[in-house]
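Participant: For reference, the file protein.cif (mmCIF, C-alpha atoms) is included below:
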data_upload
loop_
_atom_site.label_atom_id
_atom_site.label_comp_id
_atom_site.auth_asym_id
_atom_site.auth_seq_id
_atom_site.Cartn_x
_atom_site.Cartn_y
_atom_site.Cartn_z
CA MET A 1 109.62 104.80 131.19
CA LYS A 2 112.14 107.47 130.13
CA GLU A 3 111.14 106.96 126.52
CA ASP A 4 107.49 107.49 127.46
CA ILE A 5 108.37 110.77 129.17
CA TYR A 6 110.32 111.86 126.09
CA TRP A 7 107.31 111.31 123.82
CA ILE A 8 104.90 112.88 126.32
CA LYS A 9 107.06 116.04 126.47
CA ARG A 10 107.03 116.25 122.69
CA VAL A 11 103.22 115.90 122.57
CA LYS A 12 102.89 118.56 125.28
CA ASN A 13 105.09 120.83 123.15
CA GLY A 14 102.55 120.59 120.35
CA LYS A 15 103.90 117.67 118.30
CA LYS A 16 100.61 115.80 118.23
CA ASN A 17 101.84 113.03 115.94
CA ASP A 18 104.32 111.89 118.58
CA PHE A 19 101.45 110.36 120.52
CA SER A 20 101.62 107.41 118.12
CA PRO A 21 104.69 105.69 119.70
CA LEU A 22 102.78 105.62 123.00
CA VAL A 23 99.71 104.16 121.30
CA LYS A 24 101.86 101.55 119.55
CA ARG A 25 103.48 100.51 122.81
CA TYR A 26 100.38 100.18 124.97
CA LYS A 27 97.45 99.52 122.65
CA ASP A 28 97.71 95.72 122.87
CA VAL A 29 97.98 95.49 126.66
CA ILE A 30 95.19 97.97 127.25
CA PHE A 31 92.98 96.30 124.63
CA TYR A 32 93.57 92.85 126.12
CA PHE A 33 92.88 94.09 129.64
CA ILE A 34 89.62 95.74 128.59
CA LEU A 35 88.64 92.77 126.43
CA ARG A 36 88.97 90.42 129.39
CA MET A 37 86.95 92.80 131.48
CA VAL A 38 84.07 93.47 129.09
CA GLN A 39 84.25 90.20 127.09
CA ASN A 40 83.12 91.79 123.88
CA GLU A 41 85.54 92.75 121.14
CA GLU A 42 83.61 95.72 119.72
CA ASP A 43 83.12 97.24 123.16
CA ALA A 44 86.76 96.58 123.98
CA VAL A 45 87.91 98.42 120.84
CA ASP A 46 85.66 101.39 121.64
CA LEU A 47 86.71 101.54 125.26
CA THR A 48 90.40 101.25 124.38
CA GLN A 49 90.09 104.07 121.88
CA GLU A 50 88.17 106.21 124.35
CA SER A 51 90.81 105.53 127.02
CA PHE A 52 93.55 106.71 124.67
CA ILE A 53 91.52 109.77 123.69
CA LYS A 54 91.02 110.60 127.38
CA ALA A 55 94.71 110.14 128.02
CA TYR A 56 95.59 112.37 125.07
CA ASN A 57 93.19 115.11 126.11
CA ASN A 58 94.38 115.03 129.73
CA LEU A 59 98.07 114.66 128.99
CA SER A 60 98.70 118.12 130.44
CA ASN A 61 97.54 116.77 133.83
CA PHE A 62 99.99 113.85 133.71
CA LYS A 63 102.86 114.23 136.18
CA GLU A 64 106.12 112.99 134.79
CA LYS A 65 107.28 111.40 138.04
CA TYR A 66 104.57 108.73 137.66
CA SER A 67 104.49 105.77 135.31
CA PHE A 68 102.59 106.49 132.09
CA LYS A 69 101.57 102.84 131.86
CA ASN A 70 99.97 102.91 135.30
CA TRP A 71 98.29 106.22 134.51
CA LEU A 72 96.89 104.74 131.33
CA PHE A 73 95.67 101.68 133.22
CA THR A 74 94.00 103.97 135.76
CA ILE A 75 92.09 105.70 132.96
CA ALA A 76 91.25 102.39 131.25
CA SER A 77 90.11 100.66 134.44
CA HIS A 78 87.88 103.56 135.53
CA HIS A 79 86.41 103.86 132.07
CA THR A 80 85.79 100.10 131.99
CA ILE A 81 84.17 100.11 135.43
CA ASP A 82 81.82 102.91 134.34
CA PHE A 83 80.97 100.97 131.21
CA LEU A 84 80.33 97.74 133.15
CA ARG A 85 78.05 99.57 135.57
CA LYS A 86 76.04 101.04 132.73
CA ARG A 87 75.87 97.67 130.97
CA LYS A 88 74.75 95.96 134.17
CA GLN A 89 71.91 98.46 134.49
CA MET A 90 70.98 97.92 130.86
CA ARG A 91 71.00 94.15 131.28
CA GLU A 92 68.80 94.37 134.33
CA ILE A 93 66.29 96.30 132.24
CA ASP A 94 66.65 93.79 129.39
CA LEU A 95 66.16 90.83 131.71
CA LEU A 96 62.74 92.15 132.61
CA GLU A 97 61.80 91.78 128.96
CA ILE A 98 63.76 88.70 127.87
CA ASP A 99 64.01 85.55 129.97
CA THR A 100 66.70 83.65 128.11
CA ASP A 101 70.14 84.81 127.16
CA GLU A 102 72.64 83.22 124.72
CA PRO A 103 75.62 81.72 126.54
CA TYR A 104 78.62 83.98 125.94
CA VAL A 105 81.73 82.48 124.29
CA SER A 106 84.80 84.59 124.88
CA PRO A 107 86.83 85.29 121.71
CA ILE A 108 89.95 84.61 123.74
CA ASP A 109 88.76 81.14 124.66
CA THR A 110 88.77 80.10 121.04
CA LEU A 111 92.48 80.77 120.97
CA ILE A 112 93.25 78.57 123.91
CA LYS A 113 94.05 75.04 123.01
CA ASP A 114 95.01 73.66 126.35
CA GLU A 115 92.00 72.42 128.27
CA ARG A 116 93.20 73.57 131.67
CA MET A 117 94.17 76.96 130.36
CA GLN A 118 90.78 77.22 128.71
CA LYS A 119 89.10 76.32 131.96
CA LEU A 120 91.15 78.93 133.79
CA SER A 121 90.31 81.52 131.15
CA GLU A 122 86.60 80.70 131.48
CA GLU A 123 86.82 80.95 135.24
CA ILE A 124 88.51 84.35 135.01
CA ASP A 125 85.69 85.53 132.77
CA ILE A 126 83.07 84.60 135.36
CA LEU A 127 84.90 86.11 138.31
CA PRO A 128 83.32 89.24 139.82
CA GLU A 129 84.61 92.33 138.00
CA ASN A 130 86.74 93.62 140.86
CA TYR A 131 88.41 90.22 141.33
CA ARG A 132 88.98 89.89 137.60
CA MET A 133 90.55 93.33 137.44
CA VAL A 134 93.03 92.70 140.22
CA ILE A 135 93.94 89.29 138.77
CA LEU A 136 94.59 90.79 135.33
CA LEU A 137 96.58 93.72 136.66
CA LYS A 138 98.60 91.50 138.95
CA HIS A 139 99.32 88.57 136.66
CA GLU A 140 99.01 89.91 133.13
CA GLU A 141 100.61 93.29 133.73
CA SER A 142 102.83 92.20 136.64
CA LEU A 143 101.94 95.29 138.66
CA LYS A 144 102.70 95.60 142.36
CA ILE A 145 99.93 95.58 144.98
CA GLU A 146 100.54 99.30 145.66
CA GLU A 147 100.31 100.13 141.96
CA ILE A 148 97.03 98.22 141.61
CA ALA A 149 95.70 100.02 144.68
CA GLU A 150 96.67 103.35 143.12
CA ILE A 151 95.07 102.47 139.79
CA MET A 152 91.84 101.24 141.34
CA LYS A 153 91.82 103.93 144.04
CA ILE A 154 91.39 101.38 146.84
CA PRO A 155 93.55 100.51 149.86
CA PRO A 156 96.36 97.94 149.28
CA GLY A 157 94.78 95.70 151.91
CA THR A 158 91.62 95.45 149.81
CA VAL A 159 93.68 94.51 146.76
CA LYS A 160 95.33 91.72 148.75
CA VAL A 161 91.99 90.40 149.97
CA TRP A 162 90.46 90.47 146.49
CA LEU A 163 93.52 88.79 145.03
CA TYR A 164 93.44 86.07 147.67
CA ARG A 165 89.73 85.42 147.14
CA ALA A 166 90.02 85.43 143.35
CA ARG A 167 92.95 83.00 143.41
CA ALA A 168 91.15 80.76 145.89
CA GLN A 169 88.14 80.67 143.62
CA LEU A 170 90.26 79.87 140.57
CA ARG A 171 92.26 77.23 142.40
CA LYS A 172 89.10 75.59 143.65
CA LYS A 173 87.60 75.45 140.15
CA LEU A 174 90.79 74.05 138.66
CA LEU A 175 91.03 71.33 141.30
CA LYS A 176 87.40 70.44 140.70
CA LYS A 177 88.12 70.17 136.99
CA ASP A 178 91.14 67.95 137.65
CA GLU A 179 89.08 65.67 139.86
CA GLU A 180 86.41 65.38 137.16
CA ASN A 181 89.08 64.40 134.65
CA ILE A 182 90.47 61.69 136.93
CA VAL A 183 87.00 60.22 137.50
CA MET B 1 106.49 71.58 161.27
CA LYS B 2 104.13 74.56 161.11
CA LYS B 3 101.23 74.49 158.69
CA ILE B 4 101.71 76.79 155.70
CA SER B 5 98.61 78.56 154.42
CA TYR B 6 97.84 79.54 150.83
CA LYS B 7 97.96 83.17 151.91
CA ASP B 8 101.54 82.82 153.17
CA ILE B 9 102.56 81.15 149.92
CA GLU B 10 100.84 83.82 147.81
CA ASP B 11 102.48 86.59 149.83
CA PHE B 12 105.81 84.88 149.28
CA LEU B 13 105.21 84.58 145.51
CA ASP B 14 103.91 88.16 145.31
CA GLY B 15 107.17 89.37 146.79
CA GLU B 16 105.54 90.57 150.00
CA LYS B 17 107.24 90.30 153.37
CA SER B 18 107.31 86.63 154.31
CA SER B 19 109.14 84.41 156.75
CA LEU B 20 108.98 81.49 154.32
CA LYS B 21 112.04 80.15 152.54
CA LYS B 22 111.86 78.44 149.19
CA GLU B 23 113.86 75.42 150.37
CA GLU B 24 111.32 74.84 153.09
CA ILE B 25 108.22 75.03 150.96
CA LYS B 26 109.26 73.84 147.51
CA GLU B 27 108.00 70.31 148.19
CA ASP B 28 104.75 71.49 149.72
CA LYS B 29 101.65 70.49 147.73
CA ARG B 30 99.99 73.88 148.28
CA PHE B 31 103.08 75.68 147.08
CA LYS B 32 103.15 73.59 143.89
CA GLU B 33 99.47 74.25 143.25
CA THR B 34 99.87 77.99 143.80
CA LEU B 35 102.99 78.17 141.68
CA GLU B 36 101.19 76.35 138.88
CA LEU B 37 98.24 78.75 139.12
CA PHE B 38 100.57 81.74 139.01
CA THR B 39 102.39 80.31 135.98
CA MET B 40 99.16 79.61 134.17
CA LEU B 41 97.82 83.08 134.90
CA LYS B 42 101.05 84.60 133.62
CA ASN B 43 100.95 82.51 130.45
CA LEU B 44 97.37 83.19 129.41
CA PRO B 45 97.52 83.98 125.69
CA GLY B 46 97.04 87.64 124.81
CA LYS B 47 95.10 89.13 121.97
CA PRO B 48 96.41 92.12 120.02
CA ALA B 49 94.27 95.10 119.09
CA PRO B 50 92.64 94.91 115.63
CA ARG B 51 94.68 96.04 112.62
CA ASN B 52 92.70 99.21 111.91
CA PHE B 53 92.73 100.25 115.57
CA GLU B 54 95.46 102.87 115.22
CA ARG B 55 94.06 104.34 112.01
CA ASN B 56 90.61 104.84 113.58
CA LEU B 57 92.07 106.22 116.78
CA TYR B 58 94.25 108.78 114.99
CA ARG B 59 91.28 109.79 112.86
CA ARG B 60 89.28 110.42 116.02
CA LEU B 61 92.17 112.33 117.56
CA GLY B 62 92.81 114.36 114.42
CA ILE B 63 96.39 113.12 114.21
CA PHE B 64 98.12 112.58 110.87
CA TYR B 65 98.63 108.85 110.45
CA PHE B 66 101.14 107.38 108.06
CA PRO B 67 101.32 103.60 108.48
CA VAL B 68 104.59 101.68 108.18
CA TYR B 69 103.69 99.95 104.92
CA LYS B 70 102.94 103.33 103.33
CA LYS B 71 106.26 104.67 104.59
CA VAL B 72 108.04 101.67 103.06
CA LEU B 73 106.17 102.02 99.73
CA SER B 74 106.85 105.77 99.57
CA PHE B 75 110.51 105.24 100.36
CA ALA B 76 110.78 102.48 97.74
CA GLY B 77 108.97 104.65 95.15
CA LEU B 78 111.19 107.64 95.84
CA SER B 79 114.29 105.42 95.68
CA VAL B 80 113.27 104.07 92.28
CA PHE B 81 112.54 107.59 91.02
CA ALA B 82 115.87 108.92 92.33
CA ALA B 83 117.74 105.98 90.78
CA THR B 84 116.02 106.57 87.40
CA VAL B 85 116.87 110.28 87.45
CA TYR B 86 120.46 109.58 88.47
CA LEU B 87 121.01 106.89 85.81
CA SER B 88 119.38 109.00 83.07
CA ALA B 89 121.50 112.04 83.96
CA ARG B 90 124.64 109.94 84.06
CA GLY B 91 123.82 108.34 80.69
CA LEU B 92 123.16 111.74 79.14
CA LEU B 93 126.42 113.12 80.50
CA TYR B 94 128.42 110.17 79.12
CA PHE B 95 126.66 110.58 75.77
CA ILE B 96 127.56 114.30 75.58
CA ILE B 97 131.15 113.68 76.69
CA GLY B 98 131.43 110.96 74.02
CA LYS B 99 130.29 113.38 71.33
CA ILE B 100 132.66 116.21 72.30
CA ASN B 101 135.92 116.40 70.33
CA LEU B 102 138.54 118.93 71.48
CA ALA B 103 139.60 119.79 67.94
CA ARG B 104 136.01 120.55 66.99
CA ILE B 105 135.20 122.72 70.01
CA PRO B 106 135.86 126.13 68.26
CA HIS B 107 133.79 125.00 65.30
CA GLN B 108 131.00 123.80 67.61
CA LEU B 109 131.09 127.08 69.52
CA SER B 110 130.92 129.17 66.34
CA LEU B 111 128.06 126.96 65.16
CA ILE B 112 126.20 127.54 68.41
CA TYR B 113 126.90 131.31 68.11
CA SER B 114 125.58 131.43 64.54
CA ARG B 115 122.47 129.49 65.56
CA ILE B 116 121.85 131.94 68.38
CA MET B 117 122.29 134.87 65.97
CA GLN B 118 119.84 133.24 63.55
CA LEU B 119 117.38 132.89 66.33
CA ILE B 120 117.81 136.56 67.31
CA SER B 121 117.34 137.59 63.66
CA LEU B 122 114.19 135.56 63.44
CA ILE B 123 112.87 137.21 66.59
CA LYS B 124 113.71 140.64 65.14
CA ALA B 125 112.06 139.83 61.83
CA GLY B 126 109.02 138.61 63.70
CA ASN B 127 108.91 141.85 65.66
CA HIS B 128 109.21 143.87 62.47
CA LEU B 129 106.40 141.90 60.85
CA LYS B 130 104.32 142.53 63.90
CA ASN B 131 104.92 146.27 63.58
CA ILE B 132 103.91 146.17 59.91
CA TYR B 133 100.78 144.27 60.76
CA LEU B 134 99.93 146.83 63.44
CA ALA B 135 100.54 149.65 60.98
CA PHE B 136 98.09 148.12 58.50
CA THR B 137 95.49 147.55 61.13
CA ASN B 138 95.57 151.32 61.99
CA PRO B 139 93.49 153.05 59.23
CA LEU B 140 95.11 156.48 59.71
CA LEU B 141 98.59 155.01 59.35
CA LEU B 142 97.42 152.98 56.34
CA LEU B 143 96.07 156.10 54.61
CA THR B 144 99.25 158.00 55.40
CA LEU B 145 101.34 155.16 54.06
CA ALA B 146 99.21 154.89 50.91
CA PHE B 147 99.39 158.64 50.39
CA VAL B 148 103.15 158.81 50.92
CA SER B 149 103.80 155.72 48.81
CA SER B 150 101.59 157.00 45.93
CA ILE B 151 103.44 160.35 45.90
CA LEU B 152 106.71 158.48 46.02
CA MET B 153 105.56 156.30 43.13
CA LEU B 154 104.59 159.38 41.10
CA ILE B 155 107.94 160.95 41.80
CA LEU B 156 109.70 157.75 40.80
CA ILE B 157 107.68 157.48 37.56
CA GLY B 158 108.43 161.10 36.79
CA LEU B 159 112.06 160.64 37.49
CA SER B 160 112.28 157.51 35.35
CA ARG B 161 110.66 159.39 32.43
CA GLU B 162 113.11 162.21 32.88
CA VAL B 163 115.99 159.78 32.95
CA LYS B 164 114.79 158.16 29.72
CA LYS B 165 114.53 161.60 27.99
CA ARG B 166 118.01 162.50 29.16
CA ALA B 167 119.27 159.16 28.02
CA VAL B 168 117.81 159.79 24.54
CA LEU B 169 119.31 163.25 24.47
CA LEU B 170 122.64 161.93 25.57
CA SER B 171 122.58 159.17 22.98
CA ARG B 172 122.18 161.86 20.25
CA PHE B 173 125.47 163.34 21.28
#
Show this structure as structure tokens.

Facilitator:
Amino acid sequence: MKEDIYWIKRVKNGKKNDFSPLVKRYKDVIFYFILRMVQNEEDAVDLTQESFIKAYNNLSNFKEKYSFKNWLFTIASHHTIDFLRKRKQMREIDLLEIDTDEPYVSPIDTLIKDERMQKLSEEIDILPENYRMVILLKHEESLKIEEIAEIMKIPPGTVKVWLYRARAQLRKKLLKKDEENIV
Amino acid sequence: MKKISYKDIEDFLDGEKSSLKKEEIKEDKRFKETLELFTMLKNLPGKPAPRNFERNLYRRLGIFYFPVYKKVLSFAGLSVFAATVYLSARGLLYFIIGKINLARIPHQLSLIYSRIMQLISLIKAGNHLKNIYLAFTNPLLLLTLAFVSSILMLILIGLSREVKKRAVLLSRF
């Protein structure tokens, strides 16, 4: 946190190259978060880069009493939501023209060996976007409910409800999978 | 015993305000399920950003990017260069020191002085030759020189004849 502020001050003072330690520190977490949200590596790379560019261009608006990581996640999540909205609209138009669609295989799923973990990963990918986002921010980034609420600009109560519903959905699917395996 | 809901367990695991105690719920089936789900969610494998991510980002931002491997290569290259220069200079110094003999120092110094003087003489001669060349390239100067030198030659011839006559006269005495 203090280190982030140190680098941010340097960038604000005109040392542009000092933005690179911040990129190095957060590029993987932001990329992974966006990748899980958009489920396409090329889009994830673009969105991650655009999020960093936005952060860089608006660094003068960043208040040093806040966490840079959370601020970056706010930018990334809003940018991702905008992208998902646009893509949804595009897909709706596409669906009018094409009836069938190739089943999507997440690049992350190929990495997962364990069957249950793979199932969980698949289930996360098919969660509604808002549920998926709160799950990722809560469990991958270990953020507090209040922090997630701040990032997503929603009340903490809503975050709790979405988290509860998302977990219930995941738990249900996992139990179903376990039962299938026993049978 | 009161029935514990998933929500209570999740609140407890999320660190929210809860009346539950771990000792009370650790054997509960729901607690075990929720704990397992939380652990699995936490342990989902990550995926790093692609290798050229930073390079492309810095290009878009207009930031100078110098990757680590280039830094290492540059440092190694500069180290090798510095070591070569240092070793060569040290070898040269030892070679010169080995050649120097205290008894021969005055002789060496006088030799160096004479060489320098030779060099200066050469430069002077070169300068003189240059002046002569310039004189010959100037037609007016050339004519003047030819005129003066021909008169001088005539005078010299005349003088030599006179000397010969005088010599003959003198030999008669």

Participant: Can you spell out as a PDB file with C-alpha atoms, keeping the file's coordinate frame the set of residues that the PyMOL selection byres ((chain A) within 6 of (chain B)) selects in the structure I just provided?

Facilitator:
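Result file is expr_27.pdb:
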ATOM      1  CA  ASN A  17     101.840 113.030 115.940  1.00  0.00           C
ATOM      2  CA  ASP A  28      97.710  95.720 122.870  1.00  0.00           C
ATOM      3  CA  PHE A  31      92.980  96.300 124.630  1.00  0.00           C
ATOM      4  CA  TYR A  32      93.570  92.850 126.120  1.00  0.00           C
ATOM      5  CA  GLN A  49      90.090 104.070 121.880  1.00  0.00           C
ATOM      6  CA  HIS A 139      99.320  88.570 136.660  1.00  0.00           C
ATOM      7  CA  GLU A 140      99.010  89.910 133.130  1.00  0.00           C
TER       8      GLU A 140
END

Participant: Interatomic distance between atom CA of Pro21 of chain A and atom CA of Ile8 of chain A?

Facilitator: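 Taking atom CA of Pro21 of chain A and atom CA of Ile8 of chain A, their separation equals 9.8 Å.
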
Participant: Compile the contact shell of Val159 of chain A as number ranges by chain: residues with an atom at most 7 Å away, counting all atoms listed in the file, same-chain residues fewer than 3 positions apart removed.

Facilitator: A: 134, 145, 149, 155-156, 162-163

Participant: Convert the output of the PyMOL selection byres ((chain A and resi 47) around 9) on the shown file into explicit residues, formatted as a PyMOL selection string.

Facilitator: chain A and resi 31+34+42-46+48-52+76+79-80+83

Participant: Would you work out the distance separating atom CA of Arg10 of chain A from atom CA of Ser77 of chain A, expressed in Å to one decimal?

Facilitator: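 Straight-line distance from atom CA of Arg10 of chain A to atom CA of Ser77 of chain A works out to 25.8 Å.
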
Participant: For atom CA of Leu120 of chain A and atom CA of Ile148 of chain A, quote the distance in Å rounded to one decimal.

Facilitator: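 Spanning atom CA of Leu120 of chain A to atom CA of Ile148 of chain A is a straight-line distance of 21.6 Å.
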
Participant: Would you mind telling me which residue in A:Leu59, A:Ile124, A:Val38, A:Ile151 lies nearest to Arg167 of chain A when using all atoms listed in the file?

Facilitator: A:Ile124

Participant: Suppose a student applies the PyMOL selection byres ((chain A and resi 3) around 12) to this structure; what residues should they get, written as a list in words?

Facilitator: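 After applying the PyMOL selection byres ((chain A and resi 3) around 12), what remains is Met1, Lys2, Asp4, Ile5, Tyr6, Trp7, Ile8, Lys9, Arg10, Asp18, Phe19, Pro21, Leu22, Arg25, Glu64, Ser67, Phe68 and Lys69 of chain A.
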
Participant: Write out as a ChimeraX atom specification each polymer residue whose atoms come within 8 Å of Ile75 of chain A, counting all atoms listed in the file; drop sequence neighbours fewer than 3 positions from it.

Facilitator: /A:51,54-55,71-72,78-79

Participant: Choose the residue, out of A:Met90, A:Lys27, A:Asn70, A:Glu146, that has the smallest atom-to-atom separation from Thr158 of chain A; count only C-alpha atoms.

Facilitator: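 For Thr158 of chain A, the nearest of the given residues is A:Glu146.
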
Participant: Need the shell around Lys29 of chain B: protein/DNA/RNA residues with any atom at most 12 Å away, counting all atoms listed in the file. Skip same-chain ones fewer than 6 positions apart. Format as a PyMOL selection string?

Facilitator: chain B and resi 3-6+9+35-36

Participant: Would you pick out the contacts of Asp178 of chain A at 12 Å or less, using only C-alpha atoms, so that residues sharing its chain but fewer than 4 positions from it are not included, and give the list as number ranges by chain?

Facilitator: A: 115-117, 119-120, 171-174, 182-183; B: 33
